[in-house]
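*Asks:* Below is the file query_13.cif, which contains mmCIF, C-alpha atoms.
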data_run
loop_
_atom_site.label_atom_id
_atom_site.label_comp_id
_atom_site.auth_asym_id
_atom_site.auth_seq_id
_atom_site.Cartn_x
_atom_site.Cartn_y
_atom_site.Cartn_z
CA MET A 286 110.54 35.64 89.39
CA ALA A 287 112.13 34.89 92.76
CA ARG A 288 109.89 31.80 93.13
CA SER A 289 110.82 30.26 89.81
CA PRO A 290 113.37 27.41 89.90
CA LEU A 291 114.87 29.01 86.79
CA SER A 292 115.58 32.47 88.20
CA ARG A 293 115.45 32.27 91.99
CA ASP A 294 119.26 32.03 92.26
CA MET A 295 119.76 35.23 90.24
CA ASP A 296 120.52 38.48 92.05
CA VAL A 297 118.54 41.73 91.76
CA ASP A 298 120.71 43.18 88.97
CA GLU A 299 120.39 39.98 86.95
CA HIS A 300 116.61 40.04 87.36
CA ARG A 301 116.51 43.61 86.10
CA ASP A 302 118.62 42.68 83.08
CA LEU A 303 116.39 39.69 82.35
CA ASP A 304 113.29 41.91 82.45
CA GLN A 305 114.22 43.55 79.16
CA TYR A 306 113.65 40.27 77.32
CA LEU A 307 110.27 39.49 78.88
CA SER A 308 106.70 40.53 78.12
CA ALA A 309 103.57 39.95 80.24
CA TRP A 310 100.66 37.80 79.05
CA SER A 311 97.36 36.80 80.67
CA TRP A 312 94.49 34.38 80.01
CA ALA A 313 90.98 33.90 81.37
CA GLU A 314 89.75 30.59 82.76
CA GLY A 315 89.46 28.01 80.00
CA ASP A 316 91.69 29.85 77.53
CA PRO A 317 94.49 27.89 75.81
CA VAL A 318 98.00 29.00 76.75
CA ILE A 319 99.53 26.75 74.09
CA LEU A 320 98.04 24.05 71.85
CA ALA A 321 99.71 20.78 70.88
CA GLY A 322 100.91 20.83 67.29
CA ASP A 323 101.26 24.60 67.11
CA GLU A 324 104.61 26.21 66.42
CA ILE A 325 105.80 27.77 69.68
CA THR A 326 108.14 30.74 69.45
CA GLY A 327 109.02 31.03 73.15
CA SER A 328 108.36 29.92 76.72
CA TYR A 329 106.01 31.16 79.42
CA LEU A 330 107.08 31.56 83.05
CA LEU A 331 103.92 31.30 85.13
CA VAL A 332 103.67 34.03 87.77
CA ALA A 333 100.02 33.76 88.85
CA GLY A 334 97.22 31.24 88.44
CA ARG A 335 97.16 27.57 87.46
CA ALA A 336 97.35 25.81 84.10
CA ARG A 337 96.33 22.25 83.23
CA VAL A 338 98.87 20.58 80.92
CA THR A 339 97.28 17.95 78.69
CA ARG A 340 98.35 15.45 76.06
CA ASP A 341 96.36 13.73 73.32
CA THR A 342 96.58 9.93 73.24
CA ILE A 343 96.69 7.82 70.09
CA ASP A 344 93.05 6.80 70.66
CA GLY A 345 91.88 10.41 70.70
CA ARG A 346 91.59 10.95 74.45
CA GLU A 347 92.97 14.00 76.27
CA ILE A 348 94.79 13.23 79.52
CA THR A 349 96.24 15.53 82.16
CA VAL A 350 100.00 15.11 82.53
CA ASP A 351 100.71 17.99 84.92
CA ILE A 352 99.29 21.09 86.56
CA ALA A 353 101.52 24.15 86.32
CA ALA A 354 101.89 26.49 89.29
CA PRO A 355 103.54 29.90 89.66
CA GLY A 356 107.25 29.41 88.96
CA ASP A 357 106.72 26.64 86.41
CA VAL A 358 107.63 26.96 82.75
CA ILE A 359 105.07 26.25 80.03
CA GLY A 360 106.36 25.47 76.57
CA PRO A 361 109.70 24.14 75.31
CA LEU A 362 112.90 25.90 76.36
CA HIS A 363 114.48 26.00 72.93
CA THR A 364 116.53 28.64 71.13
CA HIS A 365 114.42 28.23 68.00
CA PRO A 366 110.69 27.87 67.26
CA SER A 367 109.47 24.33 67.86
CA GLN A 368 106.28 22.31 67.80
CA ALA A 369 104.35 21.96 71.05
CA VAL A 370 103.88 18.37 72.25
CA ASP A 371 101.38 19.23 74.98
CA SER A 372 98.58 21.75 75.38
CA ALA A 373 98.12 24.01 78.40
CA TRP A 374 94.81 25.51 79.57
CA ALA A 375 94.26 28.28 82.10
CA MET A 376 92.31 26.89 85.08
CA GLU A 377 91.64 30.41 86.40
CA THR A 378 92.84 33.92 85.56
CA THR A 379 96.49 33.19 84.76
CA CYS A 380 99.48 35.46 84.12
CA ALA A 381 102.89 34.62 82.72
CA LEU A 382 106.10 36.22 81.49
CA TYR A 383 107.01 35.35 77.91
CA LEU A 384 110.62 34.78 76.81
CA PRO A 385 111.07 34.57 73.00
CA ALA A 386 113.02 31.56 71.78
CA ASP A 387 115.32 33.75 69.68
CA SER A 388 116.37 35.62 72.85
CA LEU A 389 117.10 32.52 74.93
CA ALA A 390 120.65 31.99 73.61
CA GLU A 391 121.61 35.58 74.44
CA VAL A 392 119.96 35.37 77.86
CA ILE A 393 121.79 32.21 78.94
CA THR A 394 125.08 33.61 77.61
CA ARG A 395 124.61 36.69 79.78
CA HIS A 396 123.38 34.67 82.79
CA PRO A 397 125.22 31.34 83.38
CA THR A 398 123.20 30.80 86.57
CA LEU A 399 120.05 30.68 84.48
CA ALA A 400 121.69 28.28 82.01
CA LEU A 401 122.53 25.89 84.85
CA SER A 402 118.97 26.11 86.18
CA ILE A 403 117.59 25.23 82.74
CA VAL A 404 119.83 22.14 82.59
CA ARG A 405 118.64 21.08 86.05
CA MET A 406 115.00 21.59 85.10
CA GLN A 407 115.41 19.54 81.91
CA GLN A 408 117.06 16.76 83.91
CA GLU A 409 114.22 16.80 86.44
CA HIS A 410 111.60 16.57 83.70
CA LEU A 411 113.47 13.67 82.10
CA THR A 412 113.68 11.86 85.45
CA GLN A 413 109.95 12.35 86.08
CA SER A 414 109.14 11.04 82.60
CA ARG A 415 111.29 7.94 83.14
CA GLU A 416 109.79 7.31 86.56
CA ARG A 417 106.31 7.60 85.07
CA ASP A 418 107.13 5.08 82.32
CA VAL A 419 108.79 2.62 84.69
CA GLY A 420 106.02 3.01 87.26
CA GLN A 421 103.45 1.75 84.76
CA THR A 422 104.86 -1.76 85.09
CA THR A 423 106.52 -1.80 88.53
CA THR A 424 104.06 -0.08 90.89
CA THR A 425 100.39 -0.45 91.78
CA VAL A 426 97.67 2.01 90.83
CA GLU A 427 97.41 3.09 94.47
CA GLN A 428 101.14 3.80 94.59
CA ARG A 429 100.98 5.85 91.39
CA VAL A 430 97.98 7.83 92.60
CA GLY A 431 99.77 8.41 95.91
CA ALA A 432 102.92 9.58 94.11
CA SER A 433 100.87 12.04 92.03
CA LEU A 434 99.19 13.43 95.16
CA ARG A 435 102.57 13.71 96.89
CA ARG A 436 103.98 15.70 93.98
CA LEU A 437 100.92 17.96 93.91
CA ASP A 438 101.24 18.48 97.66
CA GLY A 439 104.78 19.72 97.11
CA LYS A 440 103.50 22.32 94.63
CA PHE A 441 100.10 23.29 96.04
CA GLY A 442 99.90 22.02 99.63
CA GLU A 443 98.88 24.54 102.29
CA HIS A 444 99.48 23.38 105.86
CA GLN A 445 96.46 23.47 108.18
CA GLN A 446 96.42 23.85 111.96
CA ASP A 447 95.43 20.21 112.42
CA GLY A 448 98.57 19.06 110.59
CA SER A 449 96.85 18.24 107.32
CA SER A 450 97.70 19.78 103.98
CA LEU A 451 95.01 21.16 101.65
CA LEU A 452 95.93 21.18 97.96
CA GLN A 453 95.22 24.68 96.67
CA VAL A 454 94.09 23.62 93.21
CA ARG A 455 90.87 22.29 91.69
CA LEU A 456 91.50 18.61 91.05
CA ARG A 457 89.22 16.50 88.90
CA ARG A 458 89.37 12.73 89.15
CA ASP A 459 90.51 12.54 85.52
CA ASP A 460 93.37 14.93 86.32
CA ILE A 461 94.65 12.54 88.96
CA ALA A 462 94.05 9.53 86.71
CA GLY A 463 96.01 11.12 83.87
CA MET A 464 98.99 11.99 86.06
CA ALA A 465 98.95 8.51 87.57
CA GLY A 466 98.65 6.80 84.20
CA THR A 467 95.45 4.94 84.99
CA THR A 468 91.70 5.09 84.37
CA VAL A 469 89.31 7.41 86.20
CA GLU A 470 87.60 4.39 87.74
CA SER A 471 90.85 2.92 89.06
CA ALA A 472 92.00 6.30 90.40
CA SER A 473 88.66 6.76 92.17
CA ARG A 474 88.91 3.31 93.78
CA ALA A 475 92.48 4.02 94.93
CA MET A 476 91.47 7.35 96.43
CA ALA A 477 88.45 5.81 98.13
CA LYS A 478 90.76 3.26 99.78
CA MET A 479 93.21 5.99 100.83
CA LYS A 480 90.32 8.01 102.25
CA LYS A 481 89.02 4.99 104.18
CA THR A 482 92.44 4.40 105.77
CA GLY A 483 92.76 8.07 106.77
CA ILE A 484 95.59 9.01 104.41
CA ILE A 485 93.56 11.64 102.54
CA ASN A 486 90.23 13.38 102.56
CA SER A 487 88.55 14.54 99.40
CA GLY A 488 85.41 15.98 97.87
CA ARG A 489 84.32 17.60 94.64
CA GLU A 490 87.55 18.91 93.04
CA TRP A 491 89.49 19.11 96.30
CA VAL A 492 91.96 16.88 98.15
CA ALA A 493 93.61 17.14 101.57
CA ILE A 494 96.57 15.06 102.74
CA LEU A 495 95.80 13.95 106.31
CA ASP A 496 98.74 11.65 107.03
CA ARG A 497 101.87 12.53 105.07
CA ASN A 498 103.94 9.72 106.67
CA ALA A 499 101.36 7.12 105.67
CA LEU A 500 101.32 8.53 102.15
CA GLU A 501 105.11 8.21 101.95
CA ASP A 502 104.91 4.59 103.17
CA LEU A 503 102.23 3.83 100.58
CA VAL A 504 104.24 5.28 97.69
CA ASP A 505 107.40 3.48 98.85
CA GLY A 506 105.50 0.18 99.12
CA GLU A 507 105.96 -0.21 102.86
#
Please render this file's structure as C-alpha cells.

*Replies:*
Amino acid sequence: MARSPLSRDMDVDEHRDLDQYLSAWSWAEGDPVILAGDEITGSYLLVAGRARVTRDTIDGREITVDIAAPGDVIGPLHTHPSQAVDSAWAMETTCALYLPADSLAEVITRHPTLALSIVRMQQEHLTQSRERDVGQTTTTVEQRVGASLRRLDGKFGEHQQDGSSLLQVRLRRDDIAGMAGTTVESASRAMAKMKKTGIINSGREWVAILDRNALEDLVDGE
C-alpha cells in the first residue's frame, strides 16, 4: 500500500480505515486478471507480481500496451460497474487488493488525499496516451522503443554495481513493439542498433540499460 501512487501519501490510520473496503485476490502465471469487454465491478491494486496489459486491435491482433508492477492499478477507477477496454494477464504469481466500484465514492469522500491521487493518476494516463498518439507521427521507431525502455526502467530497473540497470521483468520483443507502437521486426532492429552502440544489452526476455545518458539523448533526439 505504501508503494502505490494512490495511497502512499496516506497516514497509518487512513490505511487502516481503507483496509475495511479491500479484499485480497491472487492469480497464477497465465491467468486473466481482467478481460476486455467484461463488466468490471472494481479495481485491483497490484501488491506483488507482474501483469501484462493487452489490447485487441481492429485487425484481430493482441498488443501489449503496458506491464503493471506492484503499486499500479488494474481496471477502471469508476464509481459504477464499467466495461473493460484492456485485458490483463498475470506474468507470474500475482496478488492484488480489490476495491469495489460501489465503495469508491465513499472511500474518496473519507480520504481526500486518495481522491487527489486518483486525479493525478488519471491525468498521467491521459498524458501518456496523448504522447503515444503524437509519437506515432513525430518520432522515429528507435526513439519510441527507447522511450518504452526508459519508462520500464523507471518501474522495474535494478541498479547493478557496474552502473547498468537490469529490468526485473520478462520482456518479449512483441511486448516492446506493442508499447512502442511498431512491429516486432522494427522493434528488434531498433534494439539491435541500440545494443551495437552500447546503450543496452539484451537476451531472451531480458534487457539491461547500460548507458542511461545515451538513452535519454536518443529519446530526446539529440

*Asks:* For Arg474 of chain A, list every protein, DNA or RNA residue within 10 Å, evaluated using all atoms listed in the file, and leave out those in the same chain fewer than 6 positions away; present the list as number ranges by chain.

*Replies:* A: 426-427, 468, 480

*Asks:* Name every residue that the PyMOL selection byres ((chain A and resi 473) around 10) selects in this structure, writing the answer as a short mmCIF file (atom, residue, chain, number, x, y, z; two decimals) with C-alpha atoms, keeping the file's coordinate frame with chains first and numbers rising.

*Replies:*
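The result, stored in expr_12.cif:
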data_model
loop_
_atom_site.label_atom_id
_atom_site.label_comp_id
_atom_site.auth_asym_id
_atom_site.auth_seq_id
_atom_site.Cartn_x
_atom_site.Cartn_y
_atom_site.Cartn_z
CA GLU A 427 97.41 3.09 94.47
CA VAL A 430 97.98 7.83 92.60
CA ARG A 458 89.37 12.73 89.15
CA ASP A 459 90.51 12.54 85.52
CA ILE A 461 94.65 12.54 88.96
CA ALA A 462 94.05 9.53 86.71
CA THR A 468 91.70 5.09 84.37
CA VAL A 469 89.31 7.41 86.20
CA GLU A 470 87.60 4.39 87.74
CA SER A 471 90.85 2.92 89.06
CA ALA A 472 92.00 6.30 90.40
CA ARG A 474 88.91 3.31 93.78
CA ALA A 475 92.48 4.02 94.93
CA MET A 476 91.47 7.35 96.43
CA ALA A 477 88.45 5.81 98.13
CA LYS A 478 90.76 3.26 99.78
CA MET A 479 93.21 5.99 100.83
#

*Asks:* Evaluating the PyMOL selection byres ((chain A and resi 322) around 12) on the displayed file yields which residues, as a ChimeraX atom specification?

*Replies:* /A:319-321,323-325,340-341,360,367-373

*Asks:* Please evaluate the PyMOL selection byres ((chain A and resi 443) around 12) against the structure above and give the resulting residues as a ChimeraX atom specification.

*Replies:* /A:437-442,444-454,492-495

*Asks:* Determine, for each residue of segment 328-419 of chain A having at least one atom at most 12 Å from an atom of segment 288-308 of chain A, the closest pair of atoms and their separation in Å to one decimal, counting only C-alpha atoms; order by chain and ascending number, as a Markdown table.

*Replies:*
| residue | atom | partner | partner_atom | distance |
| --- | --- | --- | --- | --- |
| A:Ser328 | CA | A:Leu307 | CA | 10.0 |
| A:Tyr329 | CA | A:Leu307 | CA | 9.4 |
| A:Leu330 | CA | A:Ser289 | CA | 7.8 |
| A:Leu331 | CA | A:Ser289 | CA | 8.4 |
| A:Val332 | CA | A:Ser289 | CA | 8.3 |
| A:Ala333 | CA | A:Arg288 | CA | 10.9 |
| A:Ala353 | CA | A:Ser289 | CA | 11.7 |
| A:Ala354 | CA | A:Ser289 | CA | 9.7 |
| A:Pro355 | CA | A:Ser289 | CA | 7.3 |
| A:Gly356 | CA | A:Ser289 | CA | 3.8 |
| A:Asp357 | CA | A:Ser289 | CA | 6.4 |
| A:Val358 | CA | A:Ser289 | CA | 8.4 |
| A:Leu362 | CA | A:Leu291 | CA | 11.1 |
| A:Cys380 | CA | A:Ser308 | CA | 10.7 |
| A:Ala381 | CA | A:Ser308 | CA | 8.4 |
| A:Leu382 | CA | A:Ser308 | CA | 5.5 |
| A:Tyr383 | CA | A:Ser308 | CA | 5.2 |
| A:Leu384 | CA | A:Leu307 | CA | 5.2 |
| A:Pro385 | CA | A:Tyr306 | CA | 7.6 |
| A:Ala386 | CA | A:Tyr306 | CA | 10.3 |
| A:Asp387 | CA | A:Tyr306 | CA | 10.2 |
| A:Ser388 | CA | A:Tyr306 | CA | 7.0 |
| A:Leu389 | CA | A:Tyr306 | CA | 8.8 |
| A:Ala390 | CA | A:Tyr306 | CA | 11.5 |
| A:Glu391 | CA | A:Tyr306 | CA | 9.7 |
| A:Val392 | CA | A:Leu303 | CA | 7.2 |
| A:Ile393 | CA | A:Leu303 | CA | 9.8 |
| A:Thr394 | CA | A:Leu303 | CA | 11.6 |
| A:Arg395 | CA | A:Glu299 | CA | 8.9 |
| A:His396 | CA | A:Glu299 | CA | 7.4 |
| A:Pro397 | CA | A:Met295 | CA | 9.6 |
| A:Thr398 | CA | A:Met295 | CA | 6.7 |
| A:Leu399 | CA | A:Leu291 | CA | 5.9 |
| A:Ala400 | CA | A:Leu291 | CA | 8.4 |
| A:Leu401 | CA | A:Leu291 | CA | 8.5 |
| A:Ser402 | CA | A:Leu291 | CA | 5.1 |
| A:Ile403 | CA | A:Leu291 | CA | 6.2 |
| A:Val404 | CA | A:Leu291 | CA | 9.5 |
| A:Arg405 | CA | A:Leu291 | CA | 8.8 |
| A:Met406 | CA | A:Leu291 | CA | 7.6 |
| A:Gln407 | CA | A:Leu291 | CA | 10.7 |
| A:Glu409 | CA | A:Pro290 | CA | 11.2 |

*Asks:* May I have the selected residues written with C-alpha atoms, as a CSV table (one decimal), in the coordinates of the input?

*Replies:*
chain,number,residue,atom,x,y,z
A,328,SER,CA,108.4,29.9,76.7
A,329,TYR,CA,106.0,31.2,79.4
A,330,LEU,CA,107.1,31.6,83.0
A,331,LEU,CA,103.9,31.3,85.1
A,332,VAL,CA,103.7,34.0,87.8
A,333,ALA,CA,100.0,33.8,88.8
A,353,ALA,CA,101.5,24.2,86.3
A,354,ALA,CA,101.9,26.5,89.3
A,355,PRO,CA,103.5,29.9,89.7
A,356,GLY,CA,107.2,29.4,89.0
A,357,ASP,CA,106.7,26.6,86.4
A,358,VAL,CA,107.6,27.0,82.8
A,362,LEU,CA,112.9,25.9,76.4
A,380,CYS,CA,99.5,35.5,84.1
A,381,ALA,CA,102.9,34.6,82.7
A,382,LEU,CA,106.1,36.2,81.5
A,383,TYR,CA,107.0,35.4,77.9
A,384,LEU,CA,110.6,34.8,76.8
A,385,PRO,CA,111.1,34.6,73.0
A,386,ALA,CA,113.0,31.6,71.8
A,387,ASP,CA,115.3,33.8,69.7
A,388,SER,CA,116.4,35.6,72.8
A,389,LEU,CA,117.1,32.5,74.9
A,390,ALA,CA,120.6,32.0,73.6
A,391,GLU,CA,121.6,35.6,74.4
A,392,VAL,CA,120.0,35.4,77.9
A,393,ILE,CA,121.8,32.2,78.9
A,394,THR,CA,125.1,33.6,77.6
A,395,ARG,CA,124.6,36.7,79.8
A,396,HIS,CA,123.4,34.7,82.8
A,397,PRO,CA,125.2,31.3,83.4
A,398,THR,CA,123.2,30.8,86.6
A,399,LEU,CA,120.0,30.7,84.5
A,400,ALA,CA,121.7,28.3,82.0
A,401,LEU,CA,122.5,25.9,84.8
A,402,SER,CA,119.0,26.1,86.2
A,403,ILE,CA,117.6,25.2,82.7
A,404,VAL,CA,119.8,22.1,82.6
A,405,ARG,CA,118.6,21.1,86.0
A,406,MET,CA,115.0,21.6,85.1
A,407,GLN,CA,115.4,19.5,81.9
A,409,GLU,CA,114.2,16.8,86.4

*Asks:* Tell me, in Å to one decimal, how far atom CA of Ala465 of chain A is from atom CA of Val338 of chain A.

*Replies:*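 Atom CA of Val338 of chain A lies at a distance of 13.8 Å from atom CA of Ala465 of chain A.
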
*Asks:* Between A:Arg436, A:Glu314, A:Asp496, A:Pro366, which residue has the minimum interatomic distance to Gln413 of chain A, considering all atoms listed in the file?

*Replies:*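 Ranking A:Arg436, A:Glu314, A:Asp496, A:Pro366 by distance to Gln413 of chain A, first place goes to A:Arg436.
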
*Asks:* With the input short on atoms, add N, CA and C atoms back to segment 359-375 of chain A and write it as a CSV table (one decimal), keeping the file's coordinate frame.

*Replies:*
chain,number,residue,atom,x,y,z
A,359,ILE,N,106.0,26.9,81.0
A,359,ILE,CA,105.1,26.2,80.0
A,359,ILE,C,105.6,26.5,78.6
A,360,GLY,N,105.8,25.4,77.9
A,360,GLY,CA,106.4,25.5,76.6
A,360,GLY,C,107.8,25.0,76.6
A,361,PRO,N,108.3,24.6,75.4
A,361,PRO,CA,109.7,24.1,75.3
A,361,PRO,C,110.7,25.3,75.5
A,362,LEU,N,111.8,24.9,76.2
A,362,LEU,CA,112.9,25.9,76.4
A,362,LEU,C,113.9,25.7,75.3
A,363,HIS,N,113.6,26.2,74.1
A,363,HIS,CA,114.5,26.0,72.9
A,363,HIS,C,114.9,27.4,72.4
A,364,THR,N,116.0,27.4,71.7
A,364,THR,CA,116.5,28.6,71.1
A,364,THR,C,116.0,28.9,69.7
A,365,HIS,N,115.0,28.1,69.3
A,365,HIS,CA,114.4,28.2,68.0
A,365,HIS,C,112.9,27.8,68.1
A,366,PRO,N,112.1,28.3,67.2
A,366,PRO,CA,110.7,27.9,67.3
A,366,PRO,C,110.6,26.4,67.2
A,367,SER,N,109.6,25.8,67.9
A,367,SER,CA,109.5,24.3,67.9
A,367,SER,C,108.0,24.0,68.0
A,368,GLN,N,107.7,22.7,67.7
A,368,GLN,CA,106.3,22.3,67.8
A,368,GLN,C,105.9,21.9,69.2
A,369,ALA,N,104.8,22.3,69.7
A,369,ALA,CA,104.4,22.0,71.0
A,369,ALA,C,103.9,20.5,71.1
A,370,VAL,N,104.3,19.8,72.1
A,370,VAL,CA,103.9,18.4,72.2
A,370,VAL,C,102.6,18.3,73.1
A,371,ASP,N,102.5,19.2,74.1
A,371,ASP,CA,101.4,19.2,75.0
A,371,ASP,C,100.6,20.5,74.8
A,372,SER,N,99.4,20.5,75.3
A,372,SER,CA,98.6,21.8,75.4
A,372,SER,C,98.6,22.2,76.8
A,373,ALA,N,98.3,23.5,77.0
A,373,ALA,CA,98.1,24.0,78.4
A,373,ALA,C,96.9,24.9,78.4
A,374,TRP,N,96.1,24.8,79.5
A,374,TRP,CA,94.8,25.5,79.6
A,374,TRP,C,94.8,26.2,80.9
A,375,ALA,N,94.4,27.5,80.9
A,375,ALA,CA,94.3,28.3,82.1
A,375,ALA,C,93.1,27.7,82.9
